[in-house]
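**Q** Sharing a structure with you now.
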Amino acid sequence: MDLYEKMSKYYDIWYEDFQEDVDFYKRLAERTGGPILECMCGTGRVLLPLAKEGYEIAGFDKSYAMIDQLTAKIDLLDEELQENIRIGHGDIKNIQCPKKYRLIIVPFNSFLHLLETEEQEEALRNVVDHLRADGEFVLSMFNPRLDRPENLMRHRGTKVTKHGEVISKFEAQSFDHARQRTTVHLFLDISRQDRDLRRVTTVMTLRYMFEREVVELLNRCGLRVTETYGDFQFGPFRKGSDMMVFVARKSK
């Protein structure tokens, strides 16, 4: 089932202004060079800015809906830029690309859609197979906050689209601590003057992880963590950091 099918057309409305990690990946790309591979690339929020910097970049995602949104954006680019971009539908666990990459990224909590340890390991070993000997792999995810109230509907913001739609986003969260999972119920209330109010809903489950757990997972899969950050400004990781950003290289 495509978890993003219902939400794909609204995804960019909420995240198009989030640029902190984009600048972070640009700086990493400056030191590694291309080609770049973005796993679980979504609608291209990170991929397209990197392509516009002149890097050869490939991306894939398991969601046909998200890839469709990305394809529509690429069609609007200059032909010269389009030639540097390769995208497709695929699963991080078994995608096969014809080359190896200097930089591979899995941004913005995407990795947490892999709920079982076995599929996480399968995905990371596939990443290692596509990483050059001198390349870097970057994995980012939220640092778990387990004190959040459960089953409480929270208003996450309201935005107005260029089509005059007023969209309010709500979410409720619950935890399964035994299996380190959080289930998020998302609601978008969409209204405009000439139409009745409608609600779009979806549910997704994520596997939250802890810093030491991620480091050990990467080690088991042939990756050695060289840098760990707590934000996208290259700040140190601390207990109260919002994010965990891991930079790793192939183990010798």
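Chains: A, B, ... in order of the structure tokens. Residues: from 1 per chain. Ligands: from 1, in order shown.
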Quick one: residues within 7 Å of range 10-23 of chain A, only C-alpha atoms, excluding same-chain residues fewer than 4 positions away - as JSON, numbers by chain?
**A** {"A": [27, 45, 46, 232]}
**Q** As a list in words, please: every residue in range 187-248 of chain A that a backbone DSSP assignment puts in alpha helix (DSSP H).
**A**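 Reading the DSSP output for range 187-248 of chain A, alpha helix (DSSP H) covers Glu211, Arg212, Glu213, Val214, Val215, Glu216, Leu217, Leu218, Asn219 and Arg220 of chain A.
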**Q** Generate the output file for the selected residues, N, CA and C atoms, as an mmCIF file, in the first residue's frame.
**A**
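Written file, result_6.cif:
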data_model
loop_
_atom_site.group_PDB
_atom_site.id
_atom_site.type_symbol
_atom_site.label_atom_id
_atom_site.label_comp_id
_atom_site.auth_asym_id
_atom_site.auth_seq_id
_atom_site.Cartn_x
_atom_site.Cartn_y
_atom_site.Cartn_z
ATOM 1 N N GLU A 211 20.426 6.541 19.469
ATOM 2 C CA GLU A 211 21.731 6.817 18.858
ATOM 3 C C GLU A 211 22.648 5.593 18.863
ATOM 4 N N ARG A 212 22.833 4.962 19.995
ATOM 5 C CA ARG A 212 23.729 3.806 20.063
ATOM 6 C C ARG A 212 23.214 2.670 19.186
ATOM 7 N N GLU A 213 21.910 2.485 19.164
ATOM 8 C CA GLU A 213 21.284 1.445 18.348
ATOM 9 C C GLU A 213 21.599 1.642 16.869
ATOM 10 N N VAL A 214 21.532 2.894 16.399
ATOM 11 C CA VAL A 214 21.819 3.179 14.987
ATOM 12 C C VAL A 214 23.283 2.929 14.672
ATOM 13 N N VAL A 215 24.163 3.362 15.551
ATOM 14 C CA VAL A 215 25.602 3.152 15.334
ATOM 15 C C VAL A 215 25.916 1.666 15.225
ATOM 16 N N GLU A 216 25.349 0.863 16.117
ATOM 17 C CA GLU A 216 25.595 -0.579 16.083
ATOM 18 C C GLU A 216 25.007 -1.216 14.835
ATOM 19 N N LEU A 217 23.842 -0.745 14.404
ATOM 20 C CA LEU A 217 23.230 -1.244 13.172
ATOM 21 C C LEU A 217 24.119 -0.956 11.975
ATOM 22 N N LEU A 218 24.608 0.258 11.874
ATOM 23 C CA LEU A 218 25.486 0.620 10.762
ATOM 24 C C LEU A 218 26.755 -0.220 10.789
ATOM 25 N N ASN A 219 27.322 -0.427 11.968
ATOM 26 C CA ASN A 219 28.536 -1.239 12.079
ATOM 27 C C ASN A 219 28.307 -2.653 11.573
ATOM 28 N N ARG A 220 27.182 -3.234 11.940
ATOM 29 C CA ARG A 220 26.883 -4.607 11.510
ATOM 30 C C ARG A 220 26.784 -4.722 9.994
#
**Q** So which residues of range 26-216 of chain A fall under strand (DSSP E) by DSSP, listed as a PyMOL selection string?
**A** chain A and resi 36-39+57-61+85-89+101-106+131-142+154-160+166-176+181-192+195-207
**Q** Mind dumping the selected residues with C-alpha atoms as a CSV table (one decimal), in the first residue's frame?
**A**
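What follows is the written file part-v4.csv:
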chain,number,residue,atom,x,y,z
A,36,ILE,CA,24.9,11.4,-5.6
A,37,LEU,CA,22.2,8.8,-4.8
A,38,GLU,CA,19.2,9.8,-2.8
A,39,CYS,CA,17.3,6.8,-1.4
A,57,ILE,CA,22.1,12.7,-9.0
A,58,ALA,CA,19.9,9.6,-9.0
A,59,GLY,CA,16.8,9.1,-6.8
A,60,PHE,CA,14.2,6.5,-6.2
A,61,ASP,CA,11.2,6.0,-4.0
A,85,ILE,CA,18.9,13.5,-13.1
A,86,ARG,CA,17.8,9.8,-13.0
A,87,ILE,CA,14.8,8.8,-11.0
A,88,GLY,CA,12.6,5.7,-10.7
A,89,HIS,CA,10.4,3.6,-8.5
A,101,TYR,CA,28.2,6.9,-5.7
A,102,ARG,CA,30.4,9.3,-3.8
A,103,LEU,CA,27.5,10.4,-1.6
A,104,ILE,CA,24.4,8.5,-0.7
A,105,ILE,CA,21.7,10.0,1.5
A,106,VAL,CA,18.5,8.9,3.2
A,131,LEU,CA,28.9,3.3,-2.1
A,132,ARG,CA,32.3,4.0,-3.5
A,133,ALA,CA,35.3,3.1,-1.4
A,134,ASP,CA,35.9,6.8,-0.7
A,135,GLY,CA,32.3,7.7,-0.5
A,136,GLU,CA,30.1,8.9,2.4
A,137,PHE,CA,26.6,7.8,3.5
A,138,VAL,CA,24.3,10.1,5.5
A,139,LEU,CA,21.4,9.0,7.5
A,140,SER,CA,19.1,11.4,9.4
A,141,MET,CA,16.2,10.8,11.8
A,142,PHE,CA,14.5,12.3,14.8
A,154,ARG,CA,-2.7,18.6,17.8
A,155,HIS,CA,-3.0,21.4,15.3
A,156,ARG,CA,0.3,21.5,13.3
A,157,GLY,CA,-0.5,24.6,11.3
A,158,THR,CA,-2.6,26.2,8.6
A,159,LYS,CA,-1.5,27.2,5.1
A,160,VAL,CA,-3.2,28.8,2.1
A,166,VAL,CA,-7.1,26.7,3.2
A,167,ILE,CA,-5.5,23.6,4.6
A,168,SER,CA,-5.2,22.9,8.3
A,169,LYS,CA,-3.1,20.0,9.5
A,170,PHE,CA,-3.7,17.9,12.6
A,171,GLU,CA,-2.1,14.9,14.0
A,172,ALA,CA,-2.4,12.4,16.9
A,173,GLN,CA,0.4,10.0,18.0
A,174,SER,CA,0.6,6.8,19.9
A,175,PHE,CA,3.5,4.6,21.0
A,176,ASP,CA,4.2,0.9,21.1
A,181,ARG,CA,7.1,2.1,17.1
A,182,THR,CA,5.0,5.2,16.9
A,183,THR,CA,1.8,5.4,14.9
A,184,VAL,CA,0.8,8.8,13.6
A,185,HIS,CA,-2.7,9.7,12.4
A,186,LEU,CA,-2.6,12.6,10.0
A,187,PHE,CA,-5.6,14.8,9.1
A,188,LEU,CA,-5.8,17.6,6.5
A,189,ASP,CA,-8.9,19.7,6.6
A,190,ILE,CA,-9.2,21.4,3.2
A,191,SER,CA,-11.7,24.2,2.5
A,192,ARG,CA,-12.3,26.9,-0.1
A,195,ARG,CA,-16.5,23.9,-2.1
A,196,ASP,CA,-17.5,22.1,1.0
A,197,LEU,CA,-15.0,21.3,3.7
A,198,ARG,CA,-13.3,17.9,3.1
A,199,ARG,CA,-10.9,15.9,5.2
A,200,VAL,CA,-8.0,13.8,4.0
A,201,THR,CA,-6.6,11.2,6.4
A,202,THR,CA,-3.8,8.7,6.5
A,203,VAL,CA,-2.0,6.6,9.1
A,204,MET,CA,1.7,5.7,9.2
A,205,THR,CA,3.8,3.8,11.6
A,206,LEU,CA,7.5,4.6,12.2
A,207,ARG,CA,10.2,2.6,14.0
**Q** Which of these, A:Gly240, A:Gly235, A:Pro35, A:Gly44, has the shortest distance to Asn84 in chain A once you count only C-alpha atoms?
**A** A:Pro35
**Q** Which residues are near Ala72 in chain A? Cut-off 12 Å, only C-alpha atoms, ignore same chain within fewer than 5 positions. Put them as a list in words.
**A**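 Non-adjacent residues within range: Lys9, Thr43, Gly44, Leu48, Ala65, Met66, Ile67, Leu77, Gln82 and Ile87 of chain A.
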**Q** Take the residues from that selection and write them out as a PDB file, in the first residue's frame, keeping N, CA and C atoms.
**A**
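The file below, result-v9.pdb, is the result:
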ATOM      1  N   LYS A   9       0.055  15.091  -2.970  1.00  0.00           N
ATOM      2  CA  LYS A   9      -0.196  16.389  -3.595  1.00  0.00           C
ATOM      3  C   LYS A   9      -0.111  17.537  -2.597  1.00  0.00           C
ATOM      4  N   THR A  43       9.324  13.698  -3.173  1.00  0.00           N
ATOM      5  CA  THR A  43       8.996  14.610  -4.274  1.00  0.00           C
ATOM      6  C   THR A  43      10.187  15.441  -4.730  1.00  0.00           C
ATOM      7  N   GLY A  44      11.377  15.120  -4.213  1.00  0.00           N
ATOM      8  CA  GLY A  44      12.582  15.807  -4.685  1.00  0.00           C
ATOM      9  C   GLY A  44      12.935  17.066  -3.927  1.00  0.00           C
ATOM     10  N   LEU A  48      16.254  17.948  -5.985  1.00  0.00           N
ATOM     11  CA  LEU A  48      16.264  18.996  -7.002  1.00  0.00           C
ATOM     12  C   LEU A  48      17.248  20.121  -6.699  1.00  0.00           C
ATOM     13  N   ALA A  65       3.139   7.673  -6.111  1.00  0.00           N
ATOM     14  CA  ALA A  65       2.536   8.996  -6.035  1.00  0.00           C
ATOM     15  C   ALA A  65       3.599  10.076  -5.859  1.00  0.00           C
ATOM     16  N   MET A  66       4.581   9.824  -5.008  1.00  0.00           N
ATOM     17  CA  MET A  66       5.641  10.802  -4.785  1.00  0.00           C
ATOM     18  C   MET A  66       6.527  10.931  -6.023  1.00  0.00           C
ATOM     19  N   ILE A  67       6.822   9.830  -6.663  1.00  0.00           N
ATOM     20  CA  ILE A  67       7.629   9.875  -7.892  1.00  0.00           C
ATOM     21  C   ILE A  67       6.892  10.630  -8.989  1.00  0.00           C
ATOM     22  N   LEU A  77      12.167  21.600 -15.779  1.00  0.00           N
ATOM     23  CA  LEU A  77      13.556  22.049 -15.729  1.00  0.00           C
ATOM     24  C   LEU A  77      14.152  22.157 -17.125  1.00  0.00           C
ATOM     25  N   GLN A  82      17.958  18.306 -16.649  1.00  0.00           N
ATOM     26  CA  GLN A  82      17.287  17.015 -16.715  1.00  0.00           C
ATOM     27  C   GLN A  82      18.259  15.889 -17.049  1.00  0.00           C
ATOM     28  N   ILE A  87      15.670   9.196 -12.075  1.00  0.00           N
ATOM     29  CA  ILE A  87      14.770   8.818 -10.988  1.00  0.00           C
ATOM     30  C   ILE A  87      13.996   7.562 -11.377  1.00  0.00           C
TER      31      ILE A  87
END
**Q** Please measure the separation of CA of Gly90 in chain A and CA of Pro107 in chain A, giving the value in Å to one decimal.
**A**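 Going from CA of Gly90 in chain A over to CA of Pro107 in chain A, I get 16.1 Å.
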**Q** By how many Å are CA of Tyr55 in chain A and CA of Phe234 in chain A apart?
**A**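 So the answer is 21.9 Å.
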**Q** Compile the contact shell of Arg125 in chain A as a list in words: residues with an atom at most 12 Å away, counting only C-alpha atoms, same-chain residues fewer than 2 positions apart removed.
**A**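 Counting only the stated atoms, we get Ile92, Lys93, Asn94, Ile95, Glu118, Glu119, Gln120, Glu121, Glu122, Ala123, Val127, Val128, Asp129, His130, Leu131, Phe137, Leu217, Leu218, Asn219, Arg220, Cys221, Gly222, Leu223, Lys250 and Ser251 of chain A.
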**Q** Looking at only C-alpha atoms, which of A:Leu28, A:Gln69, A:Glu116, A:Leu152 is the one that sits closest to Met7 in chain A?
**A**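 Result for the nearest residue to Met7 in chain A: A:Gln69.
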**Q** What is the CA of Gln96 in chain A-CA of Tyr208 in chain A distance in Å, reported with one decimal?
**A** 26.9 Å
**Q** Name the closest residue to Asp242 in chain A among the candidates A:Glu80, A:Tyr229, A:Ala51, A:Lys99; distances are taken between atoms, counting only C-alpha atoms.
**A**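 Once distances to Asp242 in chain A are computed over only C-alpha atoms, the minimum belongs to A:Tyr229.
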